[in-house]
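See below for the structure under consideration.
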Amino acid sequence: MAGHPFPSAAWAAAYKDALNNNPDYAEAGRDWTHGTVAMIVKADAALGLDQDMAVVLDVHAGECRAADFVSADTARDRANFAIEGVYERWAELIREGGDPIKALMQGRLKMTQGHLPTIIRYVESSKQLLASAQRVPAEFLVP
Amino acid sequence: MSGRPISVEPAAQDNGLALMLSELIGQNLSDDPDRGPLLERMEGRVAVVAEDAEVTVTLHFSGGHLRVEDGIVGLPDLTVRASTEDVVQMSLVEMGVLGLPNPRGEGFRKLLSAMRTGRVRVAGGLASLPLMTRLTRLVSVAGRGRDTKT
């Protein structure tokens with residue numbers, strides 16, 4: 001099965017389905033009522049990413065109500081929480097898995113918007129967000 | 001020293017753990033001003049080593065100010081070595097009466113278990129126990145959450 005280019009509208013739509021088909025996310029995120037989460041990918045001309053882009057997840061009570069592929073400016077305006085990183089870091093995390101909080105501690109990703117204590121309380125939910133992303137058939141950009 | 005209660009040294013600006021701890025403590029102080037006096041009473045250095053992430057910070061408490069530094073700077077009064085997951089667990093300890101960890105809380109029991117099995121190792125003298133207790137209270141997020149754009 002061909003993958004969806006990451007990031008893209010098709011990838012975002014498939015991500016929404018993956019989240020809603022992940023019972024572990026439904027459980028871990030069932031108390032999440034704190035708003036939207038943006039995954040912001042920094043621009044990388046070598047990869048053809050001319051501007052910062054993002055996938056904004058409208059997640060609520062263990063359900064993903066929408067996943068939109070938008071410009072980072074739109075994402076920063078709309079999202080309650082924003083996590084930013086360069087393309088390579090996001091691709092590594094999605095391909096290889098891992099702990100998003102560990103990535104934050106290592107400085108591989110940065111939380112640029114939102115209330116960190118809330119994110120810390122939902123550490124399992126953030127792991128399941130990443131686990132769901134790994135289930136999306138993806139094609140990653142190469143220079 | 002700046003007027004802000006927390007500063008991150010320039011060398012620590014790329015240290016994700018440093019940024020997270022400074023943000024976490026700053027946000028907790030902002031959300032719960034009752035914790036402000038804690039910072040006033042804290043004196044000493046705490047090194048936190050997230051072993052699997054291979055990052056280390058030193059939290060230097062002095063005169064009501066917290067300076068966050070990259071690596072181990074100076075001689076720490078306390079050194080906490082733990083996995084990323086257990087560093088997070090430290091902030092999920094529920095606080096009980098008198099500002100002490102609630103021994104019945106799930107977060108506390110998980111942390112205690114991690115300490116018993118050696119996953120979390122704390123090195124330091126008994127005299128540093130109040131520093132550890134106050135740090136736990138300063139970073140605790142248990143039982144709280146907040147919308148940020150409503």
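By convention here, the chains of the structure tokens are called A, B, ... in the order presented, each chain's residues are numbered starting at 1, and ligands are numbered starting at 1 in the order presented.
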
Listing only residues of chain A within 7 Å of chain B, what is the closest atom pair and its distance in Å (to one decimal) for each, using only C-alpha atoms, sorted by chain and residue number ascending, as a Markdown table?
```
| residue | atom | partner | partner_atom | distance |
| --- | --- | --- | --- | --- |
| A:His34 | CA | B:Asp147 | CA | 4.7 |
| A:Gly35 | CA | B:Asp147 | CA | 6.7 |
| A:Asn80 | CA | B:Lys149 | CA | 5.5 |
| A:Lys102 | CA | B:Thr84 | CA | 5.9 |
| A:Leu104 | CA | B:Gly16 | CA | 5.5 |
| A:Met105 | CA | B:Gly16 | CA | 4.1 |
| A:Gln106 | CA | B:Gly16 | CA | 4.9 |
| A:Gly107 | CA | B:Gly16 | CA | 3.9 |
| A:Gly114 | CA | B:Thr148 | CA | 5.9 |
| A:His115 | CA | B:Thr148 | CA | 6.3 |
| A:Leu116 | CA | B:Leu24 | CA | 6.0 |
| A:Pro117 | CA | B:Val141 | CA | 5.6 |
| A:Thr118 | CA | B:Gly145 | CA | 4.8 |
| A:Ile120 | CA | B:Val88 | CA | 7.0 |
| A:Arg121 | CA | B:Val141 | CA | 6.7 |
```

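Excluding Val8 (chain B) itself and any same-chain residue fewer than 6 positions from it, the protein and nucleic acid residues within 9 Å of it, counting only C-alpha atoms, are B:Ala18, B:Leu19, B:Ser22, B:Leu66, B:Arg67, B:Val68, B:Glu69, B:Asp70.
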
Residues of chain B in alpha helix (DSSP H), written as a VMD selection string: chain B and resid 16 to 31 36 to 41 84 to 90 106 to 116 129 to 139

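CA of Ala138 (chain A) sits 7.1 Å away from CA of Trp11 (chain A).
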
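Among B:Glu40, B:Glu9, B:Asp34, B:Asp86, the residue with the shortest atom-to-atom distance to Val57 (chain B), counting only C-alpha atoms, is B:Glu9.
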
If you count only C-alpha atoms, the residue of B:Val48, B:Ala12, B:Leu135, B:Leu29 closest to Pro101 (chain B) turns out to be B:Leu135

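Separating CA of Phe6 (chain A) from CA of Leu19 (chain A) is a distance of 16.1 Å.
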
Per-residue DSSP, chain A, filtered to strand (DSSP E), as a PyMOL selection string: chain A and resi 4-6+37-41+53-60+63-71+81-85+110-113+138-140

Residues from last step as file, N, CA, C and O atoms, as a compact mmCIF listing (two decimals), in the first residue's frame:
```txt
# COMPACT_ATOMS: atom_id res chain seq x y z
N HIS A 4 1.20 7.88 2.39
CA HIS A 4 0.83 9.28 2.20
C HIS A 4 2.06 10.13 2.49
O HIS A 4 2.75 9.90 3.49
N PRO A 5 2.31 11.13 1.67
CA PRO A 5 3.46 11.99 1.95
C PRO A 5 3.32 12.67 3.32
O PRO A 5 2.22 13.12 3.67
N PHE A 6 4.40 12.68 4.07
CA PHE A 6 4.38 13.38 5.35
C PHE A 6 5.17 14.65 5.24
O PHE A 6 6.32 14.61 4.81
N VAL A 37 -3.94 20.32 19.34
CA VAL A 37 -2.49 20.10 19.39
C VAL A 37 -1.92 20.22 17.97
O VAL A 37 -2.43 19.56 17.05
N ALA A 38 -0.91 21.04 17.82
CA ALA A 38 -0.29 21.21 16.49
C ALA A 38 1.09 20.57 16.46
O ALA A 38 1.89 20.75 17.38
N MET A 39 1.33 19.80 15.39
CA MET A 39 2.66 19.26 15.12
C MET A 39 3.25 20.12 14.00
O MET A 39 2.78 20.05 12.86
N ILE A 40 4.21 20.93 14.36
CA ILE A 40 4.74 21.89 13.37
C ILE A 40 6.08 21.40 12.82
O ILE A 40 7.00 21.07 13.59
N VAL A 41 6.14 21.34 11.50
CA VAL A 41 7.36 20.89 10.81
C VAL A 41 8.04 22.12 10.23
O VAL A 41 7.44 22.87 9.46
N MET A 53 5.08 24.07 8.10
CA MET A 53 3.73 23.52 7.93
C MET A 53 3.34 22.74 9.18
O MET A 53 4.19 22.43 10.01
N ALA A 54 2.06 22.42 9.28
CA ALA A 54 1.63 21.77 10.52
C ALA A 54 0.42 20.88 10.28
O ALA A 54 -0.33 21.05 9.33
N VAL A 55 0.28 19.94 11.18
CA VAL A 55 -0.96 19.16 11.28
C VAL A 55 -1.58 19.53 12.62
O VAL A 55 -0.93 19.40 13.67
N VAL A 56 -2.79 20.04 12.57
CA VAL A 56 -3.48 20.43 13.80
C VAL A 56 -4.52 19.36 14.13
O VAL A 56 -5.38 19.04 13.31
N LEU A 57 -4.38 18.82 15.32
CA LEU A 57 -5.29 17.76 15.78
C LEU A 57 -6.32 18.35 16.72
O LEU A 57 -5.97 18.93 17.75
N ASP A 58 -7.58 18.19 16.34
CA ASP A 58 -8.66 18.56 17.25
C ASP A 58 -9.02 17.30 18.03
O ASP A 58 -9.82 16.48 17.57
N VAL A 59 -8.36 17.13 19.14
CA VAL A 59 -8.56 15.93 19.95
C VAL A 59 -9.37 16.30 21.19
O VAL A 59 -9.12 17.32 21.83
N HIS A 60 -10.30 15.42 21.50
CA HIS A 60 -11.17 15.70 22.65
C HIS A 60 -11.71 14.39 23.20
O HIS A 60 -12.29 13.59 22.47
N GLU A 63 -11.04 11.19 21.37
CA GLU A 63 -11.45 11.13 19.96
C GLU A 63 -10.73 12.23 19.19
O GLU A 63 -10.49 13.31 19.71
N CYS A 64 -10.39 11.92 17.95
CA CYS A 64 -9.84 12.95 17.07
C CYS A 64 -10.98 13.44 16.19
O CYS A 64 -11.47 12.71 15.33
N ARG A 65 -11.42 14.67 16.42
CA ARG A 65 -12.56 15.20 15.67
C ARG A 65 -12.15 15.75 14.32
O ARG A 65 -12.95 15.80 13.39
N ALA A 66 -10.89 16.16 14.21
CA ALA A 66 -10.39 16.67 12.92
C ALA A 66 -8.87 16.68 12.96
O ALA A 66 -8.27 16.78 14.03
N ALA A 67 -8.29 16.52 11.79
CA ALA A 67 -6.83 16.65 11.65
C ALA A 67 -6.59 17.43 10.37
O ALA A 67 -6.89 16.94 9.28
N ASP A 68 -6.11 18.64 10.50
CA ASP A 68 -5.98 19.54 9.36
C ASP A 68 -4.52 19.84 9.04
O ASP A 68 -3.73 20.12 9.94
N PHE A 69 -4.22 19.81 7.77
CA PHE A 69 -2.89 20.18 7.29
C PHE A 69 -2.93 21.65 6.93
O PHE A 69 -3.67 22.05 6.01
N VAL A 70 -2.20 22.46 7.65
CA VAL A 70 -2.29 23.91 7.48
C VAL A 70 -0.90 24.54 7.58
O VAL A 70 0.08 23.87 7.95
N SER A 71 -0.85 25.84 7.29
CA SER A 71 0.43 26.54 7.48
C SER A 71 0.69 26.64 8.99
O SER A 71 -0.23 26.61 9.81
N PHE A 81 -1.88 23.90 21.90
CA PHE A 81 -0.53 23.37 22.16
C PHE A 81 0.20 23.24 20.83
O PHE A 81 -0.41 22.85 19.83
N ALA A 82 1.46 23.57 20.82
CA ALA A 82 2.25 23.41 19.59
C ALA A 82 3.60 22.79 19.92
O ALA A 82 4.29 23.21 20.85
N ILE A 83 3.93 21.76 19.15
CA ILE A 83 5.24 21.11 19.27
C ILE A 83 5.93 21.31 17.93
O ILE A 83 5.35 21.01 16.88
N GLU A 84 7.17 21.80 17.97
CA GLU A 84 7.87 22.10 16.72
C GLU A 84 9.16 21.30 16.61
O GLU A 84 9.80 21.00 17.61
N GLY A 85 9.49 20.99 15.38
CA GLY A 85 10.77 20.31 15.15
C GLY A 85 11.11 20.32 13.67
O GLY A 85 10.26 20.59 12.81
N LYS A 110 10.52 20.90 20.32
CA LYS A 110 10.31 21.96 21.30
C LYS A 110 8.83 22.26 21.42
O LYS A 110 8.12 22.34 20.41
N MET A 111 8.39 22.41 22.65
CA MET A 111 7.02 22.84 22.86
C MET A 111 7.02 24.36 22.85
O MET A 111 7.66 24.98 23.69
N THR A 112 6.35 24.93 21.87
CA THR A 112 6.42 26.38 21.70
C THR A 112 5.13 27.08 22.10
O THR A 112 5.07 28.30 22.12
N GLN A 113 4.14 26.31 22.42
CA GLN A 113 2.86 26.89 22.79
C GLN A 113 2.14 25.92 23.72
O GLN A 113 2.17 24.72 23.48
N ALA A 138 3.24 5.93 5.45
CA ALA A 138 3.80 7.25 5.13
C ALA A 138 4.96 7.16 4.15
O ALA A 138 5.69 6.17 4.12
N GLU A 139 5.07 8.19 3.37
CA GLU A 139 6.26 8.36 2.53
C GLU A 139 6.96 9.61 3.02
O GLU A 139 6.32 10.66 3.16
N PHE A 140 8.23 9.47 3.29
CA PHE A 140 8.98 10.61 3.82
C PHE A 140 9.79 11.28 2.72
O PHE A 140 10.29 10.61 1.81
```

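Using only C-alpha atoms, the contacts of Asp99 (chain A) at a cut-off of 8 Å, with sequence neighbours closer than 2 positions omitted, comprise Gly97, Ile101, Lys102, Ala103, Lys127 and Leu130 of chain A.
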
Distance query Asp24 (chain A) at most 9 Å, only C-alpha atoms, self and fewer than 4 positions along chain excluded, as a PyMOL selection string: chain A and resi 28-29+125+128

Using only C-alpha atoms, which residues sit within 6 Å of Val120 (chain B) once same-chain residues fewer than 6 positions away are excluded, as a VMD selection string? chain B and resid 81 to 82 114

Selected residues written out with all heavy atoms, as a JSON list (two decimals), in the first residue's frame:
```
[["chain", "number", "residue", "atom", "x", "y", "z"],
["B", 81, "ARG", "N", 19.26, 10.52, 39.53],
["B", 81, "ARG", "CA", 19.49, 9.81, 38.26],
["B", 81, "ARG", "C", 18.27, 8.94, 37.98],
["B", 81, "ARG", "O", 17.87, 8.15, 38.84],
["B", 81, "ARG", "CB", 20.74, 8.93, 38.35],
["B", 81, "ARG", "CG", 22.01, 9.71, 38.50],
["B", 81, "ARG", "CD", 23.24, 8.82, 38.58],
["B", 81, "ARG", "NE", 24.43, 9.63, 38.78],
["B", 81, "ARG", "CZ", 25.11, 10.22, 37.80],
["B", 81, "ARG", "NH1", 24.73, 10.05, 36.54],
["B", 81, "ARG", "NH2", 26.16, 10.97, 38.06],
["B", 82, "ALA", "N", 17.70, 9.09, 36.80],
["B", 82, "ALA", "CA", 16.48, 8.36, 36.49],
["B", 82, "ALA", "C", 16.29, 8.31, 34.98],
["B", 82, "ALA", "O", 16.97, 9.03, 34.23],
["B", 82, "ALA", "CB", 15.27, 9.05, 37.13],
["B", 114, "ALA", "N", 10.03, 2.85, 42.01],
["B", 114, "ALA", "CA", 11.19, 3.10, 41.13],
["B", 114, "ALA", "C", 12.46, 3.30, 41.95],
["B", 114, "ALA", "O", 13.55, 2.88, 41.55],
["B", 114, "ALA", "CB", 10.92, 4.32, 40.25]]
```

Extract, using only C-alpha atoms, all DNA, RNA and protein residues at most 12 Å from Ala123 (chain B), discarding same-chain residues fewer than 3 positions from it, and format them as a ChimeraX atom specification. /B:46-49,75-82,115,118,120,126-129,132

Keeping N, CA, C and O atoms for every residue in the selection just given, could you write it to a file as an mmCIF file, in the first residue's frame?
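In the end it all went to selection.cif:
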```
data_model
loop_
_atom_site.group_PDB
_atom_site.id
_atom_site.type_symbol
_atom_site.label_atom_id
_atom_site.label_comp_id
_atom_site.auth_asym_id
_atom_site.auth_seq_id
_atom_site.Cartn_x
_atom_site.Cartn_y
_atom_site.Cartn_z
ATOM 1 N N VAL B 46 20.730 21.006 42.738
ATOM 2 C CA VAL B 46 20.200 19.667 42.456
ATOM 3 C C VAL B 46 20.550 19.324 41.011
ATOM 4 O O VAL B 46 20.177 20.066 40.092
ATOM 5 N N ALA B 47 21.277 18.240 40.840
ATOM 6 C CA ALA B 47 21.561 17.770 39.478
ATOM 7 C C ALA B 47 20.518 16.718 39.114
ATOM 8 O O ALA B 47 20.214 15.843 39.924
ATOM 9 N N VAL B 48 19.963 16.842 37.923
ATOM 10 C CA VAL B 48 19.000 15.858 37.428
ATOM 11 C C VAL B 48 19.581 15.245 36.160
ATOM 12 O O VAL B 48 19.909 15.966 35.209
ATOM 13 N N VAL B 49 19.721 13.933 36.196
ATOM 14 C CA VAL B 49 20.294 13.216 35.055
ATOM 15 C C VAL B 49 19.212 12.315 34.466
ATOM 16 O O VAL B 49 18.754 11.381 35.119
ATOM 17 N N LEU B 75 29.161 21.633 42.901
ATOM 18 C CA LEU B 75 29.003 20.379 43.648
ATOM 19 C C LEU B 75 27.539 20.250 44.065
ATOM 20 O O LEU B 75 27.086 20.989 44.947
ATOM 21 N N PRO B 76 26.812 19.309 43.465
ATOM 22 C CA PRO B 76 25.383 19.220 43.798
ATOM 23 C C PRO B 76 25.170 18.736 45.233
ATOM 24 O O PRO B 76 25.891 17.866 45.715
ATOM 25 N N ASP B 77 24.157 19.304 45.883
ATOM 26 C CA ASP B 77 23.736 18.796 47.189
ATOM 27 C C ASP B 77 22.954 17.498 47.002
ATOM 28 O O ASP B 77 22.953 16.639 47.870
ATOM 29 N N LEU B 78 22.278 17.414 45.885
ATOM 30 C CA LEU B 78 21.493 16.225 45.537
ATOM 31 C C LEU B 78 21.730 15.890 44.077
ATOM 32 O O LEU B 78 21.820 16.794 43.239
ATOM 33 N N THR B 79 21.810 14.612 43.785
ATOM 34 C CA THR B 79 21.865 14.185 42.387
ATOM 35 C C THR B 79 20.787 13.125 42.180
ATOM 36 O O THR B 79 20.742 12.138 42.908
ATOM 37 N N VAL B 80 19.922 13.382 41.220
ATOM 38 C CA VAL B 80 18.844 12.447 40.911
ATOM 39 C C VAL B 80 19.142 11.832 39.550
ATOM 40 O O VAL B 80 19.280 12.561 38.559
ATOM 41 N N ARG B 81 19.264 10.518 39.530
ATOM 42 C CA ARG B 81 19.487 9.810 38.264
ATOM 43 C C ARG B 81 18.271 8.940 37.983
ATOM 44 O O ARG B 81 17.865 8.147 38.842
ATOM 45 N N ALA B 82 17.702 9.093 36.796
ATOM 46 C CA ALA B 82 16.478 8.357 36.487
ATOM 47 C C ALA B 82 16.295 8.305 34.977
ATOM 48 O O ALA B 82 16.966 9.026 34.227
ATOM 49 N N MET B 115 12.311 3.911 43.119
ATOM 50 C CA MET B 115 13.484 4.124 43.979
ATOM 51 C C MET B 115 13.928 2.799 44.607
ATOM 52 O O MET B 115 15.117 2.516 44.688
ATOM 53 N N GLY B 118 15.819 0.764 42.205
ATOM 54 C CA GLY B 118 17.047 1.366 41.698
ATOM 55 C C GLY B 118 16.891 2.073 40.365
ATOM 56 O O GLY B 118 17.869 2.545 39.795
ATOM 57 N N VAL B 120 15.292 4.838 40.048
ATOM 58 C CA VAL B 120 15.558 6.230 40.432
ATOM 59 C C VAL B 120 16.560 6.194 41.574
ATOM 60 O O VAL B 120 16.345 5.505 42.572
ATOM 61 N N LEU B 126 21.336 13.567 54.250
ATOM 62 C CA LEU B 126 20.023 13.712 54.872
ATOM 63 C C LEU B 126 19.615 15.182 54.997
ATOM 64 O O LEU B 126 18.441 15.521 54.927
ATOM 65 N N ALA B 127 20.617 16.022 55.174
ATOM 66 C CA ALA B 127 20.337 17.451 55.322
ATOM 67 C C ALA B 127 19.675 18.030 54.071
ATOM 68 O O ALA B 127 19.064 19.099 54.117
ATOM 69 N N SER B 128 19.795 17.300 52.970
ATOM 70 C CA SER B 128 19.211 17.788 51.709
ATOM 71 C C SER B 128 17.782 17.303 51.503
ATOM 72 O O SER B 128 17.173 17.608 50.475
ATOM 73 N N LEU B 129 17.267 16.550 52.470
ATOM 74 C CA LEU B 129 15.905 16.027 52.331
ATOM 75 C C LEU B 129 14.860 17.145 52.131
ATOM 76 O O LEU B 129 13.994 17.034 51.259
ATOM 77 N N MET B 132 14.849 18.225 48.584
ATOM 78 C CA MET B 132 14.183 17.247 47.708
ATOM 79 C C MET B 132 12.660 17.356 47.829
ATOM 80 O O MET B 132 11.947 17.342 46.819
#
```

Would you mind reading off the distance between CA of Glu43 (chain B) and CA of Ser62 (chain B), one decimal, in Å? 4.9 Å
